[in-house]
$ cat protein02.txt   # compact mmCIF, C-alpha atoms and all ligand atoms
# COMPACT_ATOMS: atom_id res chain seq x y z
CA MET Y 1051 94.44 69.33 97.01
CA SER Y 1052 93.35 70.70 100.37
CA HIS Y 1053 95.62 69.26 103.06
CA SER Y 1054 96.93 71.57 105.76
CA LEU Y 1055 100.03 73.54 104.91
CA LYS Y 1056 103.10 74.88 106.66
CA ILE Y 1057 103.32 78.56 105.93
CA GLY Y 1058 106.04 81.05 106.85
CA ILE Y 1059 104.85 84.66 107.08
CA THR Y 1060 107.09 87.72 107.15
CA CYS Y 1061 105.78 91.25 107.63
CA TYR Y 1062 106.55 94.49 109.41
CA PRO Y 1063 105.46 93.34 112.85
CA SER Y 1064 105.07 96.63 114.64
CA LEU Y 1065 103.46 99.10 112.26
CA GLY Y 1066 101.06 99.68 109.44
CA GLY Y 1067 98.23 98.05 107.61
CA SER Y 1068 100.45 95.50 105.88
CA GLY Y 1069 101.51 94.12 109.27
CA VAL Y 1070 97.88 94.01 110.40
CA VAL Y 1071 96.72 92.18 107.26
CA ALA Y 1072 99.61 89.67 107.48
CA THR Y 1073 99.02 88.96 111.15
CA GLU Y 1074 95.25 88.61 110.84
CA LEU Y 1075 95.72 86.32 107.84
CA GLY Y 1076 98.15 84.16 109.81
CA LYS Y 1077 95.66 83.84 112.66
CA LEU Y 1078 92.83 82.87 110.31
CA LEU Y 1079 95.01 80.32 108.48
CA ALA Y 1080 95.93 78.79 111.84
CA GLU Y 1081 92.20 78.52 112.71
CA LEU Y 1082 91.72 76.65 109.43
CA GLY Y 1083 94.29 74.09 110.58
CA HIS Y 1084 97.43 75.32 108.80
CA GLU Y 1085 100.71 75.65 110.68
CA VAL Y 1086 101.85 79.27 110.59
CA HIS Y 1087 105.40 80.44 111.32
CA PHE Y 1088 105.96 84.17 111.72
CA ILE Y 1089 109.56 85.10 110.91
CA SER Y 1090 110.43 88.64 111.94
CA HIS Y 1091 112.45 90.87 114.27
CA SER Y 1092 109.67 91.06 116.85
CA VAL Y 1093 106.33 89.48 117.66
CA PRO Y 1094 103.58 91.01 115.46
CA PHE Y 1095 101.64 93.46 117.62
CA ARG Y 1096 98.21 92.06 116.70
CA LEU Y 1097 99.15 88.41 117.28
CA GLY Y 1098 97.30 88.19 120.60
CA THR Y 1099 96.92 85.02 122.57
CA PHE Y 1100 98.56 81.65 122.10
CA HIS Y 1101 97.34 79.33 119.35
CA LYS Y 1102 98.68 75.81 118.96
CA ASN Y 1103 99.26 76.29 115.20
CA ILE Y 1104 101.17 79.59 115.46
CA PHE Y 1105 104.92 79.85 115.94
CA TYR Y 1106 107.27 82.81 116.07
CA HIS Y 1107 110.92 82.84 114.96
CA GLU Y 1108 112.96 85.88 115.89
CA VAL Y 1109 115.54 87.27 113.49
CA GLU Y 1110 118.73 88.22 115.28
CA VAL Y 1111 120.99 90.67 113.49
CA ASN Y 1112 124.76 90.46 113.54
CA ASP Y 1113 126.06 93.95 114.34
CA TYR Y 1114 129.78 93.28 114.08
CA TYR Y 1115 131.74 96.52 114.42
CA VAL Y 1116 132.78 96.68 110.74
CA PHE Y 1117 129.14 97.15 109.71
CA ARG Y 1118 127.99 100.72 109.40
CA TYR Y 1119 124.45 99.33 108.94
CA PRO Y 1120 123.67 95.95 110.59
CA PRO Y 1121 122.52 93.62 107.76
CA TYR Y 1122 118.95 92.79 108.87
CA ASP Y 1123 117.96 91.74 105.35
CA LEU Y 1124 120.67 89.09 105.15
CA SER Y 1125 119.89 87.75 108.61
CA LEU Y 1126 116.20 87.61 107.70
CA ALA Y 1127 116.91 85.69 104.46
CA THR Y 1128 119.08 83.21 106.34
CA LYS Y 1129 116.48 82.78 109.08
CA MET Y 1130 113.75 82.21 106.48
CA ALA Y 1131 115.87 79.46 104.89
CA GLN Y 1132 116.69 77.86 108.25
CA VAL Y 1133 113.05 77.83 109.37
CA ALA Y 1134 111.88 76.58 105.97
CA LYS Y 1135 114.31 73.64 106.08
CA ARG Y 1136 113.81 72.74 109.74
CA GLU Y 1137 110.01 73.08 109.76
CA LYS Y 1138 109.58 71.79 106.19
CA LEU Y 1139 107.65 74.87 105.11
CA ASP Y 1140 105.60 74.66 101.92
CA ILE Y 1141 105.22 78.40 101.43
CA LEU Y 1142 106.92 81.64 102.39
CA HIS Y 1143 104.31 84.39 102.23
CA VAL Y 1144 105.95 87.80 102.43
CA HIS Y 1145 104.10 91.07 102.93
CA TYR Y 1146 105.60 94.24 101.45
CA ALA Y 1147 108.18 93.86 98.70
CA VAL Y 1148 111.09 95.63 100.40
CA PRO Y 1149 113.07 93.84 101.71
CA HIS Y 1150 110.82 90.86 102.38
CA ALA Y 1151 110.31 89.64 98.80
CA VAL Y 1152 114.03 90.00 98.13
CA CYS Y 1153 114.88 88.03 101.29
CA ALA Y 1154 112.42 85.29 100.30
CA PHE Y 1155 114.07 85.08 96.88
CA LEU Y 1156 117.46 84.58 98.60
CA ALA Y 1157 115.98 82.03 101.01
CA LYS Y 1158 114.59 80.05 98.10
CA GLN Y 1159 118.08 79.91 96.56
CA MET Y 1160 119.32 78.36 99.82
CA VAL Y 1161 116.42 75.91 100.22
CA GLY Y 1162 115.57 74.84 96.67
CA PRO Y 1163 112.65 75.09 94.25
CA ASP Y 1164 110.16 73.14 96.38
CA LEU Y 1165 109.81 76.16 98.67
CA LYS Y 1166 107.22 78.44 97.06
CA VAL Y 1167 107.24 82.21 97.55
CA VAL Y 1168 104.08 84.32 97.58
CA THR Y 1169 104.55 88.10 97.69
CA THR Y 1170 101.77 90.50 98.64
CA LEU Y 1171 102.22 94.09 97.50
CA HIS Y 1172 100.65 96.55 99.91
CA GLY Y 1173 101.15 100.02 98.52
CA THR Y 1174 104.10 102.24 99.19
CA ASP Y 1175 106.46 99.36 98.36
CA ILE Y 1176 105.37 100.14 94.78
CA THR Y 1177 103.95 103.67 94.81
CA VAL Y 1178 107.00 105.12 96.60
CA LEU Y 1179 109.90 102.64 96.77
CA ALA Y 1180 109.64 101.16 93.28
CA GLN Y 1181 110.01 104.69 91.88
CA ASP Y 1182 113.45 104.89 93.52
CA GLU Y 1183 116.20 103.95 91.04
CA SER Y 1184 118.29 102.50 93.88
CA LEU Y 1185 115.60 99.85 94.52
CA LYS Y 1186 113.58 99.51 91.31
CA ASP Y 1187 115.52 96.68 89.60
CA LEU Y 1188 115.72 94.68 92.81
CA ILE Y 1189 111.97 94.98 93.42
CA ARG Y 1190 111.28 93.93 89.79
CA LEU Y 1191 113.53 90.87 90.24
CA ALA Y 1192 111.84 89.84 93.49
CA ILE Y 1193 108.38 90.22 91.96
CA ASN Y 1194 109.26 88.32 88.80
CA GLU Y 1195 110.88 85.50 90.77
CA SER Y 1196 107.97 85.03 93.21
CA ASP Y 1197 105.78 81.99 92.52
CA ALA Y 1198 102.70 84.18 93.00
CA VAL Y 1199 102.23 87.88 93.52
CA THR Y 1200 99.13 89.46 94.99
CA SER Y 1201 98.03 93.06 95.12
CA VAL Y 1202 95.57 94.66 97.55
CA SER Y 1203 93.78 96.59 94.80
CA LYS Y 1204 93.36 96.73 91.03
CA ASP Y 1205 94.87 100.18 91.08
CA LEU Y 1206 98.04 98.94 92.77
CA MET Y 1207 98.19 96.06 90.30
CA ARG Y 1208 98.01 98.49 87.39
CA GLU Y 1209 100.66 100.77 88.90
CA THR Y 1210 102.98 97.79 89.56
CA GLN Y 1211 102.70 96.66 85.96
CA GLU Y 1212 103.29 100.20 84.69
CA VAL Y 1213 106.09 101.38 86.99
CA LEU Y 1214 108.09 98.16 86.86
CA ASP Y 1215 107.16 97.23 83.32
CA ILE Y 1216 106.01 93.85 84.58
CA THR Y 1217 103.87 91.50 82.51
CA ARG Y 1218 103.62 88.60 84.94
CA PRO Y 1219 100.14 87.86 86.28
CA ILE Y 1220 99.18 89.31 89.65
CA ASP Y 1221 96.30 88.11 91.83
CA LEU Y 1222 93.88 90.53 93.44
CA THR Y 1223 93.50 89.98 97.20
CA TYR Y 1224 91.70 92.87 98.87
CA ASN Y 1225 92.23 93.74 102.53
CA PHE Y 1226 89.63 92.10 104.77
CA VAL Y 1227 88.01 92.43 108.19
CA ASP Y 1228 87.04 89.84 110.75
CA LYS Y 1229 83.34 90.36 111.53
CA ARG Y 1230 83.88 88.91 115.01
CA VAL Y 1231 86.01 91.97 115.79
CA TYR Y 1232 84.70 94.72 113.51
CA TYR Y 1233 81.01 95.43 114.07
CA PRO Y 1234 79.17 98.48 115.44
CA ARG Y 1235 80.00 98.58 119.14
CA ASP Y 1236 77.74 100.05 121.79
CA VAL Y 1237 79.71 103.14 122.74
CA ALA Y 1238 76.94 105.43 124.01
CA SER Y 1239 78.62 106.15 127.35
CA LEU Y 1240 82.09 106.60 125.83
CA ARG Y 1241 80.63 108.95 123.24
CA SER Y 1242 79.39 111.33 125.88
CA ASP Y 1243 83.04 111.85 126.97
CA PHE Y 1244 83.76 113.51 123.62
CA ALA Y 1245 80.58 115.11 122.31
CA PHE Y 1246 77.21 116.46 123.39
CA PRO Y 1247 74.19 114.43 122.18
CA ASP Y 1248 73.43 116.90 119.37
CA GLU Y 1249 77.01 116.91 118.07
CA LYS Y 1250 78.44 114.74 115.28
CA ILE Y 1251 81.84 113.07 115.51
CA LEU Y 1252 84.26 113.10 112.58
CA MET Y 1253 87.38 110.98 112.87
CA HIS Y 1254 90.75 110.55 111.22
CA ILE Y 1255 92.99 107.57 111.97
CA SER Y 1256 96.45 107.29 110.46
CA ASN Y 1257 100.18 107.32 110.95
CA PHE Y 1258 100.18 111.09 110.23
CA ARG Y 1259 102.60 110.93 107.34
CA PRO Y 1260 102.51 113.49 104.49
CA VAL Y 1261 100.66 111.05 102.15
CA LYS Y 1262 97.66 111.19 104.49
CA ARG Y 1263 97.17 114.95 103.86
CA VAL Y 1264 96.16 115.53 107.46
CA SER Y 1265 95.87 119.28 106.93
CA ASP Y 1266 93.05 118.49 104.46
CA VAL Y 1267 91.27 116.73 107.32
CA LEU Y 1268 91.38 120.00 109.24
CA ASP Y 1269 90.22 122.06 106.27
CA ILE Y 1270 87.25 119.72 105.82
CA PHE Y 1271 86.41 119.84 109.51
CA ALA Y 1272 86.71 123.64 109.68
CA GLN Y 1273 84.02 123.89 106.96
CA VAL Y 1274 81.81 121.19 108.48
CA SER Y 1275 81.91 122.64 111.99
CA ARG Y 1276 80.66 125.99 110.68
CA ASN Y 1277 77.49 124.23 109.50
CA VAL Y 1278 77.03 121.21 111.78
CA PRO Y 1279 77.70 121.06 115.56
CA SER Y 1280 80.59 118.61 115.57
CA ARG Y 1281 83.88 117.36 116.98
CA LEU Y 1282 86.98 115.95 115.31
CA LEU Y 1283 88.88 113.05 116.86
CA PHE Y 1284 92.41 112.28 115.70
CA VAL Y 1285 93.69 108.76 116.37
CA GLY Y 1286 97.32 107.77 115.84
CA GLU Y 1287 100.68 109.42 115.85
CA GLY Y 1288 103.26 110.52 113.31
CA PRO Y 1289 105.48 113.19 111.86
CA GLU Y 1290 102.76 115.63 110.73
CA LEU Y 1291 101.24 116.00 114.21
CA PRO Y 1292 103.14 119.12 115.37
CA LYS Y 1293 102.19 120.97 112.17
CA ILE Y 1294 98.56 120.01 112.68
CA GLN Y 1295 98.50 121.19 116.28
CA TRP Y 1296 99.78 124.56 115.12
CA ARG Y 1297 97.15 124.79 112.39
CA ILE Y 1298 94.34 123.94 114.84
CA LYS Y 1299 95.35 126.99 116.88
CA GLU Y 1300 95.40 129.18 113.76
CA LEU Y 1301 91.88 128.00 112.89
CA GLY Y 1302 90.68 128.51 116.49
CA LEU Y 1303 89.46 124.91 116.70
CA GLU Y 1304 91.23 123.87 119.92
CA ASP Y 1305 87.95 123.20 121.75
CA ARG Y 1306 86.52 121.01 119.02
CA VAL Y 1307 89.50 118.79 118.13
CA HIS Y 1308 90.73 115.94 120.35
CA PHE Y 1309 93.85 113.78 120.08
CA LEU Y 1310 93.52 110.19 121.25
CA GLY Y 1311 97.03 109.06 120.29
CA LYS Y 1312 97.72 105.43 119.33
CA GLN Y 1313 94.88 103.09 120.22
CA ASP Y 1314 94.57 99.30 120.21
CA GLU Y 1315 90.79 98.96 120.45
CA ILE Y 1316 90.19 100.35 116.96
CA ALA Y 1317 86.73 98.76 116.48
CA GLN Y 1318 85.48 100.45 119.62
CA ILE Y 1319 87.06 103.80 118.80
CA ILE Y 1320 85.77 103.82 115.20
CA SER Y 1321 82.26 103.04 116.44
CA LEU Y 1322 82.28 106.49 118.08
CA ALA Y 1323 82.39 108.19 114.68
CA ASP Y 1324 79.65 109.37 112.36
CA VAL Y 1325 82.12 109.83 109.52
CA LEU Y 1326 85.72 108.81 108.83
CA LEU Y 1327 87.84 111.28 106.86
CA LEU Y 1328 90.51 109.82 104.54
CA PRO Y 1329 91.70 112.48 102.06
CA SER Y 1330 95.00 110.67 101.27
CA GLU Y 1331 97.38 111.53 98.44
CA LYS Y 1332 98.19 107.83 98.00
CA GLU Y 1333 96.25 104.89 99.37
CA SER Y 1334 96.54 101.51 97.71
CA PHE Y 1335 93.43 100.30 99.54
CA GLY Y 1336 92.73 102.07 102.84
CA LEU Y 1337 92.32 99.37 105.48
CA VAL Y 1338 91.07 101.88 108.03
CA ALA Y 1339 88.14 102.80 105.77
CA LEU Y 1340 87.20 99.12 105.61
CA GLU Y 1341 87.43 98.80 109.39
CA ALA Y 1342 85.14 101.83 109.63
CA MET Y 1343 82.75 100.41 107.02
CA ALA Y 1344 82.46 97.17 109.01
CA CYS Y 1345 81.48 99.25 112.06
CA GLY Y 1346 78.82 101.05 110.00
CA VAL Y 1347 80.84 104.25 109.60
CA PRO Y 1348 81.00 105.81 106.10
CA THR Y 1349 84.21 107.31 104.71
CA ILE Y 1350 84.51 110.67 103.02
CA GLY Y 1351 87.81 110.99 101.25
CA SER Y 1352 89.83 111.22 98.09
CA GLN Y 1353 89.65 109.22 94.87
CA ALA Y 1354 93.28 108.17 95.43
CA GLY Y 1355 94.60 104.74 94.46
CA GLY Y 1356 92.35 101.87 95.49
CA ILE Y 1357 89.94 103.87 97.69
CA PRO Y 1358 87.23 103.90 94.96
CA GLU Y 1359 87.37 100.09 94.85
CA LEU Y 1360 86.46 100.05 98.54
CA VAL Y 1361 84.20 103.04 99.09
CA ALA Y 1362 81.16 102.89 96.81
CA HIS Y 1363 80.63 106.59 96.08
CA GLY Y 1364 77.11 107.68 97.04
CA GLU Y 1365 76.38 104.38 98.77
CA THR Y 1366 78.93 103.75 101.52
CA GLY Y 1367 80.58 107.16 101.51
CA TYR Y 1368 81.67 109.96 99.20
CA LEU Y 1369 84.85 110.61 97.25
CA ALA Y 1370 86.26 113.72 95.59
CA PRO Y 1371 89.49 114.51 93.73
CA ILE Y 1372 92.63 114.66 95.90
CA GLY Y 1373 92.78 118.06 97.64
CA ASP Y 1374 89.18 119.05 96.91
CA THR Y 1375 88.37 119.69 100.56
CA ARG Y 1376 85.41 121.85 99.66
CA ALA Y 1377 83.62 118.99 97.89
CA MET Y 1378 84.49 116.60 100.73
CA ALA Y 1379 83.10 119.07 103.31
CA GLU Y 1380 79.91 119.52 101.28
CA TYR Y 1381 79.42 115.76 101.14
CA ALA Y 1382 79.94 115.53 104.90
CA ILE Y 1383 77.49 118.35 105.62
CA HIS Y 1384 74.89 116.80 103.33
CA LEU Y 1385 75.24 113.36 104.93
CA LEU Y 1386 75.29 114.60 108.52
CA THR Y 1387 72.19 116.74 108.09
CA HIS Y 1388 70.02 114.03 106.49
CA PRO Y 1389 69.21 111.36 109.12
CA GLN Y 1390 67.52 108.97 106.68
CA LEU Y 1391 70.49 109.12 104.35
CA GLU Y 1392 72.78 108.46 107.30
CA THR Y 1393 70.81 105.35 108.29
CA ARG Y 1394 70.77 104.08 104.69
CA THR Y 1395 74.49 104.69 104.30
CA LYS Y 1396 75.30 102.91 107.56
CA GLU Y 1397 73.29 99.85 106.45
CA ALA Y 1398 75.02 99.86 103.07
CA CYS Y 1399 78.41 99.98 104.83
CA LEU Y 1400 77.62 96.96 106.99
CA GLN Y 1401 76.30 95.02 104.01
CA ARG Y 1402 79.28 95.81 101.74
CA ALA Y 1403 81.89 95.01 104.38
CA ARG Y 1404 80.24 91.68 105.19
CA THR Y 1405 79.84 90.54 101.59
CA GLU Y 1406 82.78 91.93 99.63
CA PHE Y 1407 85.57 92.11 102.17
CA ASN Y 1408 84.87 89.43 104.73
CA SER Y 1409 87.82 87.53 106.12
CA GLU Y 1410 86.57 84.04 105.21
CA ARG Y 1411 86.30 84.98 101.55
CA ILE Y 1412 89.74 86.60 101.26
CA THR Y 1413 91.48 83.92 103.36
CA ARG Y 1414 90.07 81.29 100.97
CA GLN Y 1415 91.51 83.27 98.05
CA TYR Y 1416 94.95 83.18 99.64
CA GLU Y 1417 94.58 79.44 100.33
CA GLU Y 1418 93.67 78.82 96.68
CA ILE Y 1419 96.80 80.69 95.61
CA TYR Y 1420 98.95 78.54 97.93
CA TYR Y 1421 97.49 75.29 96.59
CA ARG Y 1422 97.85 76.51 93.04
CA VAL Y 1423 101.55 77.33 93.34
CA LEU Y 1424 102.20 74.04 95.13
CA GLU Y 1425 100.61 72.18 92.26
CA GLY Y 1426 103.02 74.05 90.02
CA LYS Y 1427 100.17 75.62 88.09
CA LYS Y 1428 100.72 78.93 86.39
CA THR Y 1429 98.82 81.95 87.69
CA PRO Y 1430 95.96 82.86 85.39
CA LEU Y 1431 96.62 86.06 83.47
CA SER Y 1432 95.32 89.01 85.42
CA PRO Y 1433 92.50 90.82 83.72
CA ILE Y 1434 93.30 94.22 82.27
CA TYR Y 1435 91.51 96.77 84.39
O1 LIG O 1 100.99 102.96 104.36
C1 LIG O 1 102.06 102.51 104.02
O2 LIG O 1 102.94 103.24 103.65
C2 LIG O 1 102.41 101.07 104.06
C3 LIG O 1 101.32 100.09 104.26
C4 LIG O 1 101.35 99.58 105.65
O3 LIG O 1 102.09 98.66 105.92
O4 LIG O 1 100.60 100.15 106.45
O5 LIG O 1 99.99 100.54 104.00
C5 LIG O 1 99.48 100.08 102.83
O6 LIG O 1 98.98 98.77 103.08
C6 LIG O 1 97.68 98.66 103.65
C7 LIG O 1 97.35 97.19 103.81
O7 LIG O 1 97.34 96.53 102.58
C8 LIG O 1 96.67 99.41 102.79
O8 LIG O 1 95.37 99.29 103.30
C9 LIG O 1 97.09 100.89 102.75
O9 LIG O 1 96.19 101.60 101.90
C10 LIG O 1 98.49 101.04 102.22
N1 LIG O 1 98.93 102.44 102.37
C11 LIG O 1 99.20 103.22 101.32
O10 LIG O 1 99.09 102.85 100.17
C12 LIG O 1 99.65 104.60 101.65

$ encode --input "protein02.txt" --output "structure tokens" --more "lines below"
Ligand code: GMT
Amino acid sequence: MSHSLKIGITCYPSLGGSGVVATELGKLLAELGHEVHFISHSVPFRLGTFHKNIFYHEVEVNDYYVFRYPPYDLSLATKMAQVAKREKLDILHVHYAVPHAVCAFLAKQMVGPDLKVVTTLHGTDITVLAQDESLKDLIRLAINESDAVTSVSKDLMRETQEVLDITRPIDLTYNFVDKRVYYPRDVASLRSDFAFPDEKILMHISNFRPVKRVSDVLDIFAQVSRNVPSRLLFVGEGPELPKIQWRIKELGLEDRVHFLGKQDEIAQIISLADVLLLPSEKESFGLVALEAMACGVPTIGSQAGGIPELVAHGETGYLAPIGDTRAMAEYAIHLLTHPQLETRTKEACLQRARTEFNSERITRQYEEIYYRVLEGKKTPLSPIY
């Protein structure tokens, strides 16, 4: 079975790695000849230019005055069912369990069993939301009722099974990068805007939420900059920023730390860096570390969640226990003061990103899952990791 499919995709269109993965997957599936229908409240921000196989269906929410909270979830479920019936969708592929997997479950009740639901778990839908008693049973139901469930790391798979006491099989589908977009860019002239030739550039890119432990980034940089002439570039925006700005003053690092805000051209920006810092508390995979790896930039960070499945310690970066900023700084200093090691590490990054996490490979895995559920075959039991 390998005919082209009609696939509905729902994700958070305007933020986060799950939205990026869902959108990039949709684009790649469309290139392979499948018809892809995005169903969401706004156009996914990475969707880009027109493609004949890509369609967008906007969810409009009824905000009748009796509602204290307009029921987006119900409108989304209804829209999914309408699009599935009208466009004769084979699959609804939802990214992030809450509320998308629940809405897909409802849509399937409206459409019938021929519509197959694939749910991809991305991280905080399990590591944060599934711990919440007000959501736990609903998330378990949506996961158990999906025709296939995928997880972006083995660690997230294990945590899902543990937290929700789930025994159903889950497929492993790592995050991926498109090598046509993520490769080391020539940024020599841009680099000189931020650092002198003898200075190294460390970078942190995130949504600046508490799970990212951004103050650890500063602690690491404070130690590194005492030993290696260097600059720190922050990319992104989020709630921890004001605290960080205050701490930079306390540490007297104002001249060495730069804020770039939200950026679209991530491949170009990452190519500026010598090292990416990712000391997160929780990180089911760490898409940004993969994007960096594909641009030849090693990550130094924490052993949280799925990061060790991505960053090969000692080969494509270095990992230490969560909060051990001293060890992370020592790794950074060692790497940045050994040019041959830096060159070797960069090569290993490019090699690993291209082989293990390339978009063709992971897109094929998703395709195989779609064909499998359409054939009504059971998911193979996931290995115990
Ligand atoms: O970060 C989040 O809270 C949500 C989510 C998102 O939509 O950005 O991020 C998760 O999904 C990414 C894509 O699969 C992963 O690469 C991130 O590691 C993961 N974030 C966390 O687990 C904190």

$ closest_residue --input "protein02.txt" --among "Y:Thr1375, Y:Gln1181, Y:Thr1223, Y:Ser1265" --to "Glu1417 (chain Y)" --atoms "only C-alpha atoms"
Y:Thr1223

$ residues_near_point --input "protein02.txt" --point "(77.4, 110.9, 111.4)" --cutoff "7 Å" --atoms "all atoms listed in the file" --output "PyMOL selection string"
chain Y and resi 1250-1251+1323-1325+1386+1392

$ closest_atom_pairs --input "protein02.txt" --of "region 1142-1261 of chain Y" --to "region 1331-1350 of chain Y" --cutoff "12 Å" --atoms "all atoms listed in the file" --output "tab-separated table"
residue	atom	partner	partner_atom	distance
Y:Leu1171	CA	Y:Ser1334	CA	9.3
Y:His1172	CA	Y:Ser1334	CA	6.8
Y:Gly1173	CA	Y:Ser1334	CA	4.9
Y:Thr1174	CA	Y:Ser1334	CA	7.7
Y:Asp1175	CA	Y:Ser1334	CA	10.2
Y:Ile1176	CA	Y:Ser1334	CA	9.4
Y:Thr1177	CA	Y:Lys1332	CA	7.8
Y:Val1178	CA	Y:Lys1332	CA	9.3
Y:Ser1201	CA	Y:Ser1334	CA	9.0
Y:Val1202	CA	Y:Phe1335	CA	6.4
Y:Ser1203	CA	Y:Phe1335	CA	6.0
Y:Lys1204	CA	Y:Ser1334	CA	8.8
Y:Asp1205	CA	Y:Ser1334	CA	7.0
Y:Leu1206	CA	Y:Ser1334	CA	5.8
Y:Met1207	CA	Y:Ser1334	CA	9.3
Y:Arg1208	CA	Y:Ser1334	CA	10.9
Y:Glu1209	CA	Y:Ser1334	CA	9.8
Y:Thr1210	CA	Y:Ser1334	CA	11.0
Y:Leu1222	CA	Y:Phe1335	CA	11.5
Y:Thr1223	CA	Y:Phe1335	CA	10.6
Y:Tyr1224	CA	Y:Phe1335	CA	7.7
Y:Asn1225	CA	Y:Leu1337	CA	6.4
Y:Phe1226	CA	Y:Leu1340	CA	7.5
Y:Val1227	CA	Y:Glu1341	CA	6.5
Y:Asp1228	CA	Y:Ala1344	CA	8.8
Y:Lys1229	CA	Y:Ala1344	CA	7.3
Y:Arg1230	CA	Y:Ala1344	CA	10.3
Y:Val1231	CA	Y:Ala1344	CA	9.3
Y:Tyr1232	CA	Y:Ala1344	CA	5.6
Y:Tyr1233	CA	Y:Cys1345	CA	4.3
Y:Pro1234	CA	Y:Cys1345	CA	4.2
Y:Arg1235	CA	Y:Cys1345	CA	7.3
Y:Asp1236	CA	Y:Cys1345	CA	10.5
Y:Val1237	CA	Y:Cys1345	CA	11.5
Y:Ile1251	CA	Y:Val1347	CA	10.7
Y:Leu1252	CA	Y:Thr1349	CA	9.8
Y:Met1253	CA	Y:Thr1349	CA	9.5
Y:His1254	CA	Y:Val1338	CA	9.2
Y:Ile1255	CA	Y:Val1338	CA	7.2
Y:Ser1256	CA	Y:Val1338	CA	8.0
Y:Asn1257	CA	Y:Val1338	CA	11.0
Y:Arg1259	CA	Y:Glu1331	CA	10.3
Y:Pro1260	CA	Y:Glu1331	CA	8.2
Y:Val1261	CA	Y:Glu1331	CA	5.0

$ atom_distance --input "protein02.txt" --atom1 "CA of Leu1283 (chain Y)" --atom2 "CA of Arg1394 (chain Y)"
23.6 Å

$ residues_around --input "protein02.txt" --residues "Leu1369 (chain Y)" --least-positions-apart "3" --cutoff "7 Å" --atoms "all atoms listed in the file" --output "JSON, numbers by chain"
{"Y": [1350, 1351, 1352, 1353, 1363, 1378]}

$ write_last_selection --input "protein02.txt" --atoms "C-alpha atoms" --output "short mmCIF file (atom, residue, chain, number, x, y, z; two decimals), keeping the file's coordinate frame"
data_model
loop_
_atom_site.label_atom_id
_atom_site.label_comp_id
_atom_site.auth_asym_id
_atom_site.auth_seq_id
_atom_site.Cartn_x
_atom_site.Cartn_y
_atom_site.Cartn_z
CA ILE Y 1350 84.51 110.67 103.02
CA GLY Y 1351 87.81 110.99 101.25
CA SER Y 1352 89.83 111.22 98.09
CA GLN Y 1353 89.65 109.22 94.87
CA HIS Y 1363 80.63 106.59 96.08
CA MET Y 1378 84.49 116.60 100.73
#

$ closest_residue --input "protein02.txt" --among "Y:Arg1190, Y:Lys1077, Y:His1150, Y:Lys1262" --to "ligand LIG 1 (chain O)" --atoms "only C-alpha atoms and all ligand atoms"
Y:Lys1262

$ closest_residue --input "protein02.txt" --among "Y:His1101, Y:Arg1297, Y:His1145, Y:Lys1129" --to "ligand LIG 1 (chain O)" --atoms "all atoms listed in the file"
Y:His1145

$ axis_aligned_box --input "protein02.txt" --around "ligand LIG 1 (chain O)" --padding-each-side "5 Å" --output "lines of an AutoDock Vina configuration file"
center_x = 99.2
center_y = 100.6
center_z = 103.3
size_x = 17.6
size_y = 18.1
size_z = 16.3
